[in-house]
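Below is one structure, written out as structure tokens, with a few remarks after it.
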Amino acid sequence: MKKLIDGPDAVVADALRGMAAAHPGLRVDVERRIVTRTDAPRQGKVGLVSGGGSGHEPLHIGLVGLGMLDAACPGEVFTSPVPDQIQAATAAVDGGQGVLHVVKNYTGDVLNFQMAAELAGDDGVDVATVLVNDDVAVEDSTHTAGRRGTGATLFVEKIAGALAEDGAALKEVTAAGKEVVERSRSFGVALTPCTVPAAGRPGFELGDDEIELGVGIHGEPGRERGPMRGAAEIVDVAMSAINDDMPLQGDLLVMVNGMGGTPLSELYVVFADVERWLSGRARITRSLVGNYVTSLDMTGCSITVCLLTPQLTQLWDEPVNTPGLRWGC
Amino acid sequence: MKKLIDGPDAVVADALRGMAAAHPGLRVDVERRIVTRTDAPRQGKVGLVSGGGSGHEPLHIGLVGLGMLDAACPGEVFTSPVPDQIQAATAAVDGGQGVLHVVKNYTGDVLNFQMAAELAGDDGVDVATVLVNDDVAVEDSTHTAGRRGTGATLFVEKIAGALAEDGAALKEVTAAGKEVVERSRSFGVALTPCTVPAAGRPGFELGDDEIELGVGIHGEPGRERGPMRGAAEIVDVAMSAINDDMPLQGDLLVMVNGMGGTPLSELYVVFADVERWLSGRARITRSLVGNYVTSLDMTGCSITVCLLTPQLTQLWDEPVNTPGLRWGC
Amino acid sequence: MADEFDAGIAREWVRVIAVRVSEQATYLGELDGAIGDGDHGGNLDRGFAAAVGKLDRTTDSAREVLTATGGALISAVGGASGPLYGTYFRKLARALPEHGGASAAELGAALQVGVDGVRALGGAAEGDKTMVDALVPAAAAFAETATDGLPAAAVAAAEAARRGADATVPLRARKGRASYLGERSEGHLDPGAASSALVLAALAEVVGG
Amino acid sequence: MADEFDAGIAREWVRVIAVRVSEQATYLGELDGAIGDGDHGGNLDRGFAAAVGKLDRTTDSAREVLTATGGALISAVGGASGPLYGTYFRKLARALPEHGGASAAELGAALQVGVDGVRALGGAAEGDKTMVDALVPAAAAFAETATDGLPAAAVAAAEAARRGADATVPLRARKGRASYLGERSEGHLDPGAASSALVLAALAEVVGG
Ligand SMILES: Nc1ncnc2c1ncn2[C@@H]1O[C@H](COP(=O)(O)OP(=O)(O)O)[C@@H](O)[C@H]1O
Ligand SMILES: Nc1ncnc2c1ncn2[C@@H]1O[C@H](COP(=O)(O)OP(=O)(O)O)[C@@H](O)[C@H]1O
Ligand SMILES: [Mg+2]
Ligand SMILES: [Mg+2]
Ligand SMILES: [Mg+2]
Ligand SMILES: [Mg+2]
């Protein structure tokens, strides 16, 4: 394993130290592992808190700022944060209007956020939760832990964040977040695995001519392992899976997201193929192409689609100022 | 080789198609391989044109827009663009005040831009050139092609771009670009090599415990090949090389740039180490951490430092709106 | 050979779990790597190390010792297993007498309360291929043999947990990360069930069974 | 066996270069991979394929044929070798008679003008480990033996180019990408010198030497 780190156990803290140095506009508590906006808590504004395992940067710590998250709680690499940490973040951003937790649907995240919400409730904070479960690669049934939360998390954070910034109440912000979840689907593909620093070796193995279709953002296996193929064919698998689950029509927000190790040029190639795949069915009116919800150094990409409404489009367009996503200011 | 592409020879054109689809704010001529601002040529404004081999994205095609480049000319992967292409881009952005070419110091880039400048001159366009040669890993002597142009290219494009946006004359814009070059230095490190799509295999080989110190952005070898070590030690090698060449003091703009395959969290770890290295010597007042001047899927990073002046800081802070760099609007 | 589950034994239980988890961390990680994300060993190692650091060394109440253990697990682990094991220890602690130690019968009832807490929090039933598959038979075996004394009951519980864990191998996971694998989860030992067997074996070890 | 370097031979020269470059593209790429960026074969392959596509099939002027070739190389290659070979062909073309073909002596003088163009553009001198190290002795040998007729002169030039190229092996590069390597560039054949040898060998081939 070759990584630019100063010891595998220090990665999360050291990266937070780097963030603190690079972004004076954020308050970074390295000890407690909480990143907050410097102006938090904002009185009268609903607070937005998210978090999850580290290794998906810029999600979540790079998405704190105006128009998006008020605080993020990074856990160990690929391990959810703990309740005390989430509770502290929740308290730090409560401006009296309650706090929304944006939670990716993994048992660890769900349970730790649930405990934190109880603790925060005991502190008198009104907490609501949006559970993100957009990954169509996972069978959604009572016989599983349900679908994983992946790329749509960023959409939820941006759109709920804009509404919170506009002064909407917790109920409305929560409803908008849930609407985004309902209208969003993702599908991921891995070309090569990722290496967790503490493990020191790849989390799974893929042959020289093999790819994992429907991979999760921790390298969890998906629908099938199959032979390598061209980008257009990979896009066809991903878009068909999404479209089968949620017929695509109207105006779409599409993100072609890199897993961390894939060059931007390839993501644009994929985006061109997605646009071609959609032509005649639906229209991409908003898009993101880049590394947003990553899996350390994994190569591959995920595609996330959201069926827009005029209100969602408008919220998407509102100003955002975070290290990872910025426009309008 | 596993890549998200539809054929190794189509990568550049397909990526441009993706850019065209994703960025309606840019005019993308896939055929002639020119990306321009939709509002070009702007009468009375100096035009900024850059370009170079593809594979370094977002440099240059992702840095076209308000406050930065007016046009970019992508060549084949790691191969400079051709004179006709550069000439056409130059003509497309000439608003009567002349055009600045920002050229990285590689023989291919230098010769092709030089020929283009002659052709544009024949067309009656006033062309000036800023040659970027910031890579301290290369010995700078009459016995070499001189230092390579790497990370500082982005600084030149941003700062000269801001000045051009403010309506400055070609002479001033050129002078500012040259000032940035004089005050900037870079040093790169590769942990693993990159694979050019057409070649299909890594451009060089590195052992499991070996790194290349002073690597170029095409994987060209640098000062030495040495054993893998911690981020702080790598930072010490890079910062010492930079500091030996240009003593660091005062206010600095520092970029910790990913080579394409390195996770953002590691770049923040490196940034934390850079800040620690500088403490007591100089102050980082502006920074960038992310993938900006990449080498396809190479893992590793480069560090670029610019000695700021109040004017350079102000120009750095001015609004920019490109796919790869955006703030203030 | 202990007749009462007192604060000293409770502390020793946590310490021995920490040692065994640390010894088996790589193994537990490999089990989790096969059908999860490979961090179960590291998670529990971090968690029980924190629990040892938070051991209440002054109290004579087993209840207080294990309440602190549950809290430490919840605060230090992060993964699914943190809240689940944390809840296990906190709930079972709350079912112990307020002061002093517990009899075998009292501990048996408490282990049952602990499992119920895990089931309530995680929503897993027996057969879902989780730690529940080891913890449920362990509590039942303990309660059934409590009249034979603490050591015998603990041994019976440890054996039942081990059998319960082994029985997860052919199952298809319906909870946790392994459930994403569908039928590909069959043929693997569940890491949480394996660590539960280890927790109960540690109990047998410290009560001298 | 040709006595005059006419438009037909000029076209054939370009076609044969294109074939040889395509055959040797991998080899040239490997040479460039060792001390450059590995694209020299691909660059010239793309360039000469474009040049063949742009061959002026109607003219009887060798000068016009090769002017078009130079332009095609400049427009299609991109790397350092594009402007350099493009300039070589454009400059040598301009030194040829305006109409019709050229004598051996005229071609010899033109090859010299071509090399001067390369030197002026790239700033490389002999011994800098570049294509110049093959092109300079080739032009000299051609001029010296021009009185023996076109085929003999072309063969002499091809041999000189080959020797010049081989002599780059021990040199340390002072121009182009290979110069970054410093002493590590020693012991390798310069890819541009190798392709120049191939260009001159193609000339010998088409004039029947
Ligand atoms: N809903 C659940 N109920 C009970 N146990 C569960 C549940 N989900 C997961 N587990 C247990 O947790 C174990 C995994 O723990 P761990 O690897 O530490 O957490 P994570 O899955 O978050 O990485 C599984 O092997 C399983 O025994
Ligand atoms: N300044 C120069 N003058 C003459 N020839 C040069 C010069 N720089 C490079 N070359 C030649 O160009 C060759 C490399 O060409 P190529 O690989 O196509 O371009 P690039 O270096 O841009 O990738 C070198 O082997 C050398 O012979
Ligand atoms: Mg985990
Ligand atoms: Mg090249
Ligand atoms: Mg796990
Ligand atoms: Mg080359």
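To be explicit about the labels: the chains of the structure tokens are called A, B, and onward in the order shown, and within each one the residues are counted from 1, while ligands get numbers from 1 in the order they are shown.
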
*Using only C-alpha atoms, find the residues of chain C whose closest atom to chain A is at most 10 Å away, then write them as a ChimeraX atom specification.*
/C:26,29,33-40,42-43,71,73-84,121-124,128,172-182,184

*Please give the complete set of residues from segment 4-233 of chain A that DSSP, run on the backbone, assigns to strand (DSSP E), formatted as a ChimeraX atom specification.*
/A:26-29,34-37,47-54,71-77,99-104,127-132,184-192,210-213,224-227

Would you save the residues of that selection, restricted to N, CA and C atoms, as a compact mmCIF listing (two decimals), in the first residue's frame?
# COMPACT_ATOMS: atom_id res chain seq x y z
N LEU A 26 -14.35 27.42 7.82
CA LEU A 26 -14.97 26.31 8.55
C LEU A 26 -14.38 26.21 9.95
N ARG A 27 -15.19 25.76 10.88
CA ARG A 27 -14.67 25.47 12.21
C ARG A 27 -14.43 23.97 12.28
N VAL A 28 -13.19 23.58 12.46
CA VAL A 28 -12.85 22.15 12.45
C VAL A 28 -12.39 21.74 13.84
N ASP A 29 -13.16 20.88 14.46
CA ASP A 29 -12.79 20.36 15.78
C ASP A 29 -12.15 18.99 15.55
N ILE A 34 -15.62 17.11 14.35
CA ILE A 34 -16.83 17.78 13.89
C ILE A 34 -16.40 18.98 13.05
N VAL A 35 -16.97 19.10 11.86
CA VAL A 35 -16.74 20.27 11.02
C VAL A 35 -18.02 21.09 10.99
N THR A 36 -17.94 22.36 11.38
CA THR A 36 -19.14 23.20 11.38
C THR A 36 -18.88 24.51 10.65
N ARG A 37 -19.96 25.11 10.19
CA ARG A 37 -19.87 26.47 9.67
C ARG A 37 -19.45 27.38 10.82
N GLY A 47 -30.97 23.50 11.32
CA GLY A 47 -29.59 23.02 11.14
C GLY A 47 -29.58 21.73 10.33
N LEU A 48 -28.55 21.56 9.51
CA LEU A 48 -28.41 20.32 8.76
C LEU A 48 -27.14 19.62 9.19
N VAL A 49 -27.28 18.37 9.61
CA VAL A 49 -26.12 17.58 10.03
C VAL A 49 -26.09 16.29 9.23
N SER A 50 -24.92 15.98 8.72
CA SER A 50 -24.76 14.68 8.10
C SER A 50 -23.44 14.09 8.57
N GLY A 51 -23.15 12.94 8.11
CA GLY A 51 -21.91 12.30 8.52
C GLY A 51 -21.95 10.86 8.07
N GLY A 52 -20.84 10.20 8.28
CA GLY A 52 -20.74 8.82 7.85
C GLY A 52 -19.27 8.46 7.91
N GLY A 53 -18.96 7.29 7.41
CA GLY A 53 -17.57 6.90 7.39
C GLY A 53 -16.74 7.86 6.56
N SER A 54 -15.46 8.01 6.91
CA SER A 54 -14.56 8.81 6.08
C SER A 54 -14.18 8.00 4.84
N ALA A 71 -23.14 21.12 9.72
CA ALA A 71 -22.08 20.34 10.37
C ALA A 71 -21.98 18.96 9.74
N ALA A 72 -20.77 18.42 9.79
CA ALA A 72 -20.54 17.06 9.34
C ALA A 72 -19.73 16.32 10.38
N CYS A 73 -20.03 15.02 10.51
CA CYS A 73 -19.35 14.17 11.48
C CYS A 73 -18.67 13.02 10.75
N PRO A 74 -17.35 13.10 10.55
CA PRO A 74 -16.66 11.99 9.91
C PRO A 74 -16.34 10.89 10.89
N GLY A 75 -16.64 9.67 10.51
CA GLY A 75 -16.25 8.52 11.31
C GLY A 75 -14.87 8.04 10.90
N GLU A 76 -14.43 6.92 11.46
CA GLU A 76 -13.23 6.28 10.94
C GLU A 76 -13.48 5.97 9.47
N VAL A 77 -12.43 5.59 8.74
CA VAL A 77 -12.60 5.27 7.33
C VAL A 77 -13.64 4.16 7.17
N VAL A 99 -33.13 20.34 13.98
CA VAL A 99 -32.00 19.90 13.17
C VAL A 99 -32.41 18.70 12.33
N LEU A 100 -31.99 18.73 11.06
CA LEU A 100 -32.24 17.58 10.19
C LEU A 100 -30.98 16.74 10.09
N HIS A 101 -31.14 15.43 10.33
CA HIS A 101 -30.05 14.48 10.10
C HIS A 101 -30.23 13.85 8.73
N VAL A 102 -29.19 13.96 7.90
CA VAL A 102 -29.21 13.28 6.61
C VAL A 102 -28.37 12.02 6.77
N VAL A 103 -29.02 10.87 6.65
CA VAL A 103 -28.38 9.60 7.01
C VAL A 103 -28.41 8.64 5.83
N LYS A 104 -27.26 8.09 5.51
CA LYS A 104 -27.21 7.08 4.45
C LYS A 104 -27.65 5.74 5.05
N VAL A 127 -35.29 16.86 16.41
CA VAL A 127 -34.50 16.24 15.35
C VAL A 127 -35.38 15.46 14.38
N ALA A 128 -35.18 15.69 13.10
CA ALA A 128 -35.85 14.88 12.08
C ALA A 128 -34.76 14.19 11.26
N THR A 129 -35.15 13.13 10.58
CA THR A 129 -34.16 12.36 9.82
C THR A 129 -34.65 12.10 8.40
N VAL A 130 -33.74 12.26 7.44
CA VAL A 130 -34.00 11.80 6.07
C VAL A 130 -33.05 10.65 5.81
N LEU A 131 -33.61 9.51 5.47
CA LEU A 131 -32.80 8.34 5.19
C LEU A 131 -32.61 8.23 3.68
N VAL A 132 -31.37 8.20 3.24
CA VAL A 132 -31.09 8.14 1.81
C VAL A 132 -30.83 6.69 1.40
N SER A 184 -34.82 10.01 -6.62
CA SER A 184 -33.41 9.81 -7.02
C SER A 184 -33.02 8.33 -6.99
N ARG A 185 -32.18 7.97 -7.93
CA ARG A 185 -31.66 6.60 -7.98
C ARG A 185 -30.21 6.62 -8.43
N SER A 186 -29.43 5.64 -7.99
CA SER A 186 -28.01 5.55 -8.35
C SER A 186 -27.62 4.13 -8.74
N PHE A 187 -26.53 4.06 -9.45
CA PHE A 187 -25.94 2.77 -9.81
C PHE A 187 -24.43 2.99 -9.96
N GLY A 188 -23.64 2.14 -9.33
CA GLY A 188 -22.18 2.31 -9.35
C GLY A 188 -21.45 1.15 -9.99
N VAL A 189 -20.28 1.44 -10.51
CA VAL A 189 -19.44 0.44 -11.17
C VAL A 189 -18.00 0.61 -10.70
N ALA A 190 -17.37 -0.49 -10.34
CA ALA A 190 -15.95 -0.42 -9.95
C ALA A 190 -15.10 -1.14 -10.98
N LEU A 191 -13.99 -0.48 -11.36
CA LEU A 191 -13.04 -1.11 -12.27
C LEU A 191 -11.89 -1.73 -11.48
N THR A 192 -11.52 -1.07 -10.40
CA THR A 192 -10.50 -1.61 -9.50
C THR A 192 -10.94 -1.30 -8.07
N GLU A 210 -12.08 -7.68 -15.46
CA GLU A 210 -13.33 -7.85 -14.74
C GLU A 210 -13.77 -6.54 -14.11
N ILE A 211 -15.07 -6.30 -14.05
CA ILE A 211 -15.57 -5.14 -13.32
C ILE A 211 -16.71 -5.57 -12.40
N GLU A 212 -16.98 -4.75 -11.40
CA GLU A 212 -18.07 -5.05 -10.47
C GLU A 212 -19.21 -4.08 -10.80
N LEU A 213 -20.32 -4.63 -11.22
CA LEU A 213 -21.48 -3.82 -11.60
C LEU A 213 -22.43 -3.71 -10.41
N GLU A 224 -23.57 -8.05 -10.11
CA GLU A 224 -22.79 -9.10 -10.74
C GLU A 224 -21.39 -8.61 -11.05
N ARG A 225 -20.53 -9.58 -11.17
CA ARG A 225 -19.18 -9.31 -11.62
C ARG A 225 -19.15 -9.73 -13.08
N GLY A 226 -18.65 -8.87 -13.94
CA GLY A 226 -18.69 -9.23 -15.35
C GLY A 226 -17.46 -8.76 -16.07
N PRO A 227 -17.37 -9.09 -17.34
CA PRO A 227 -16.18 -8.70 -18.11
C PRO A 227 -16.14 -7.20 -18.36

Which chain B residues are at most 8 Å from chain A (counting only C-alpha atoms), as a short mmCIF file (atom, residue, chain, number, x, y, z; two decimals) with N, CA and C atoms, in the first residue's frame?
data_model
loop_
_atom_site.label_atom_id
_atom_site.label_comp_id
_atom_site.auth_asym_id
_atom_site.auth_seq_id
_atom_site.Cartn_x
_atom_site.Cartn_y
_atom_site.Cartn_z
N MET B 1 -5.48 -2.85 -19.20
CA MET B 1 -5.99 -1.50 -18.96
C MET B 1 -7.51 -1.48 -18.87
N LYS B 2 -8.01 -0.97 -17.73
CA LYS B 2 -9.45 -0.80 -17.61
C LYS B 2 -9.76 0.69 -17.50
N LYS B 3 -10.46 1.22 -18.49
CA LYS B 3 -10.81 2.64 -18.47
C LYS B 3 -12.25 2.83 -18.93
N LEU B 4 -12.87 3.88 -18.42
CA LEU B 4 -14.24 4.19 -18.81
C LEU B 4 -14.22 4.97 -20.12
N ILE B 5 -13.94 4.27 -21.21
CA ILE B 5 -13.84 4.94 -22.51
C ILE B 5 -14.52 4.10 -23.57
N ASP B 6 -14.74 4.73 -24.73
CA ASP B 6 -15.31 4.01 -25.86
C ASP B 6 -14.28 3.91 -26.97
N GLY B 7 -13.11 3.43 -26.65
CA GLY B 7 -12.04 3.32 -27.64
C GLY B 7 -10.96 4.33 -27.32
N VAL B 11 -10.99 9.17 -26.94
CA VAL B 11 -11.13 9.75 -25.59
C VAL B 11 -11.28 11.26 -25.61
N VAL B 12 -10.39 11.93 -26.35
CA VAL B 12 -10.41 13.39 -26.32
C VAL B 12 -11.73 13.93 -26.88
N ASP B 14 -14.60 12.33 -27.21
CA ASP B 14 -15.74 11.91 -26.38
C ASP B 14 -15.83 12.74 -25.10
N ALA B 15 -14.67 13.03 -24.52
CA ALA B 15 -14.68 13.86 -23.31
C ALA B 15 -15.19 15.26 -23.65
N LEU B 16 -14.81 15.77 -24.80
CA LEU B 16 -15.30 17.10 -25.22
C LEU B 16 -16.81 17.06 -25.42
N ARG B 17 -17.32 15.98 -25.99
CA ARG B 17 -18.78 15.82 -26.13
C ARG B 17 -19.44 15.87 -24.76
N GLY B 18 -18.84 15.20 -23.80
CA GLY B 18 -19.37 15.23 -22.44
C GLY B 18 -19.35 16.63 -21.85
N MET B 19 -18.25 17.35 -22.09
CA MET B 19 -18.17 18.73 -21.61
C MET B 19 -19.25 19.60 -22.24
N ALA B 21 -22.10 18.69 -23.28
CA ALA B 21 -23.41 18.35 -22.71
C ALA B 21 -23.53 18.89 -21.28
N ALA B 22 -22.44 18.88 -20.55
CA ALA B 22 -22.50 19.24 -19.12
C ALA B 22 -22.41 20.74 -18.88
N GLY B 55 -5.35 14.96 -20.69
CA GLY B 55 -4.96 14.06 -19.61
C GLY B 55 -4.62 14.79 -18.33
N GLU B 57 -6.80 17.16 -17.01
CA GLU B 57 -8.05 17.82 -16.67
C GLU B 57 -8.21 17.96 -15.15
N PRO B 58 -8.78 19.09 -14.65
CA PRO B 58 -9.48 20.13 -15.41
C PRO B 58 -8.59 21.07 -16.23
N LEU B 191 3.37 8.10 -6.79
CA LEU B 191 3.38 6.84 -6.05
C LEU B 191 3.17 5.66 -6.99
N ASP B 208 6.71 -1.79 -5.48
CA ASP B 208 5.67 -1.70 -4.45
C ASP B 208 6.05 -0.75 -3.33
N ASP B 209 7.35 -0.52 -3.18
CA ASP B 209 7.78 0.32 -2.08
C ASP B 209 8.62 1.50 -2.58
N MET B 228 9.44 4.38 -0.52
CA MET B 228 8.22 4.99 0.00
C MET B 228 8.47 5.49 1.41
N GLY B 230 6.62 8.38 4.70
CA GLY B 230 5.42 9.07 5.17
C GLY B 230 5.22 10.41 4.47
N ALA B 231 3.99 10.91 4.54
CA ALA B 231 3.66 12.16 3.86
C ALA B 231 4.54 13.31 4.34
N ALA B 232 4.81 13.37 5.64
CA ALA B 232 5.60 14.49 6.16
C ALA B 232 7.01 14.49 5.57
N GLY B 260 -4.52 12.73 -9.87
CA GLY B 260 -5.68 12.14 -10.54
C GLY B 260 -6.21 10.91 -9.83
N GLY B 261 -5.31 10.12 -9.24
CA GLY B 261 -5.75 8.88 -8.63
C GLY B 261 -5.67 8.86 -7.11
N THR B 262 -5.32 9.99 -6.53
CA THR B 262 -5.14 10.06 -5.08
C THR B 262 -6.36 10.65 -4.39
N PRO B 263 -6.84 10.01 -3.34
CA PRO B 263 -8.04 10.51 -2.64
C PRO B 263 -7.80 11.91 -2.05
N LEU B 264 -8.86 12.68 -2.01
CA LEU B 264 -8.83 14.04 -1.46
C LEU B 264 -8.33 14.04 -0.02
N SER B 265 -8.72 13.02 0.75
CA SER B 265 -8.30 12.99 2.16
C SER B 265 -6.78 13.00 2.27
N GLU B 266 -6.10 12.29 1.37
CA GLU B 266 -4.64 12.27 1.42
C GLU B 266 -4.07 13.64 1.07
N LEU B 267 -4.72 14.34 0.14
CA LEU B 267 -4.22 15.67 -0.22
C LEU B 267 -4.34 16.62 0.97
N TYR B 268 -5.39 16.45 1.76
CA TYR B 268 -5.51 17.27 2.97
C TYR B 268 -4.44 16.90 4.00
N VAL B 269 -4.11 15.62 4.10
CA VAL B 269 -3.02 15.22 4.99
C VAL B 269 -1.73 15.92 4.56
N VAL B 270 -1.48 15.93 3.26
CA VAL B 270 -0.28 16.60 2.73
C VAL B 270 -0.34 18.10 3.03
N PHE B 271 -1.50 18.69 2.86
CA PHE B 271 -1.62 20.13 3.12
C PHE B 271 -1.30 20.44 4.58
N ALA B 272 -1.79 19.58 5.48
CA ALA B 272 -1.49 19.78 6.90
C ALA B 272 0.03 19.74 7.12
N ASP B 273 0.69 18.82 6.43
CA ASP B 273 2.15 18.71 6.58
C ASP B 273 2.86 19.91 5.99
N GLU B 275 1.67 22.94 5.82
CA GLU B 275 1.48 24.05 6.75
C GLU B 275 2.44 23.93 7.93
N ARG B 286 -3.55 31.93 0.93
CA ARG B 286 -4.51 31.43 -0.05
C ARG B 286 -4.12 30.00 -0.37
N SER B 287 -5.11 29.16 -0.67
CA SER B 287 -4.76 27.76 -0.94
C SER B 287 -5.78 27.07 -1.83
N LEU B 288 -5.33 25.99 -2.41
CA LEU B 288 -6.19 25.09 -3.18
C LEU B 288 -5.76 23.67 -2.85
N VAL B 289 -6.72 22.82 -2.58
CA VAL B 289 -6.43 21.41 -2.34
C VAL B 289 -7.38 20.59 -3.21
N LEU B 296 -3.71 11.87 -15.69
CA LEU B 296 -4.60 10.73 -15.84
C LEU B 296 -4.86 10.08 -14.48
N ASP B 297 -4.51 8.80 -14.35
CA ASP B 297 -4.82 8.06 -13.13
C ASP B 297 -3.61 7.91 -12.21
N GLY B 300 -0.33 10.26 -6.45
CA GLY B 300 0.73 11.14 -6.00
C GLY B 300 0.20 12.57 -5.98
N ARG B 326 -14.26 27.89 -9.26
CA ARG B 326 -15.35 28.85 -9.24
C ARG B 326 -15.48 29.51 -7.88
N TRP B 327 -15.53 30.82 -7.88
CA TRP B 327 -15.91 31.56 -6.68
C TRP B 327 -16.29 32.98 -7.03
N GLY B 328 -16.97 33.59 -6.10
CA GLY B 328 -17.32 35.00 -6.26
C GLY B 328 -18.46 35.28 -7.22
N CYS B 329 -19.04 34.24 -7.77
CA CYS B 329 -20.17 34.43 -8.70
C CYS B 329 -20.82 33.09 -8.98
#

_Contacts of Gln311 of chain A at 10 Å (only C-alpha atoms; same-chain gap of 6+ positions) as a VMD selection string_ = chain A and resid 159 176 317

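Close contacts of Thr90 of chain B, defined as residues with an atom at most 7 Å away when counting only C-alpha atoms, with chain neighbours fewer than 2 positions off set aside, comprise Val49, Ile86, Gln87, Ala88, Ala92, Val93, Asp94, Val99 and Ala120 of chain B.
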
Selected residues written out, N, CA, C and O atoms, as a compact mmCIF listing (two decimals), in the first residue's frame:
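This is the output file part-v9.txt:
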# COMPACT_ATOMS: atom_id res chain seq x y z
N VAL B 49 -5.59 32.40 -24.13
CA VAL B 49 -5.67 31.07 -24.72
C VAL B 49 -4.59 30.20 -24.10
O VAL B 49 -3.45 30.63 -23.95
N ILE B 86 -4.63 26.15 -32.47
CA ILE B 86 -4.32 27.28 -31.58
C ILE B 86 -4.61 28.60 -32.30
O ILE B 86 -5.15 29.54 -31.71
N GLN B 87 -4.27 28.62 -33.57
CA GLN B 87 -4.54 29.82 -34.37
C GLN B 87 -6.05 30.11 -34.42
O GLN B 87 -6.49 31.25 -34.22
N ALA B 88 -6.83 29.08 -34.63
CA ALA B 88 -8.29 29.25 -34.71
C ALA B 88 -8.84 29.74 -33.36
O ALA B 88 -9.70 30.63 -33.30
N ALA B 92 -10.65 33.26 -32.51
CA ALA B 92 -12.01 33.23 -31.94
C ALA B 92 -12.16 34.11 -30.71
O ALA B 92 -13.28 34.52 -30.36
N VAL B 93 -11.05 34.41 -30.03
CA VAL B 93 -11.18 35.17 -28.78
C VAL B 93 -10.55 36.56 -28.86
O VAL B 93 -10.49 37.28 -27.87
N ASP B 94 -10.07 36.91 -30.05
CA ASP B 94 -9.44 38.23 -30.18
C ASP B 94 -10.51 39.31 -30.23
O ASP B 94 -11.32 39.37 -31.15
N VAL B 99 -4.08 38.86 -27.78
CA VAL B 99 -4.33 37.57 -27.12
C VAL B 99 -3.05 37.10 -26.43
O VAL B 99 -1.96 37.20 -26.99
N ALA B 120 -1.13 33.61 -36.31
CA ALA B 120 -2.08 34.61 -35.82
C ALA B 120 -1.55 36.01 -36.09
O ALA B 120 -2.32 36.93 -36.43
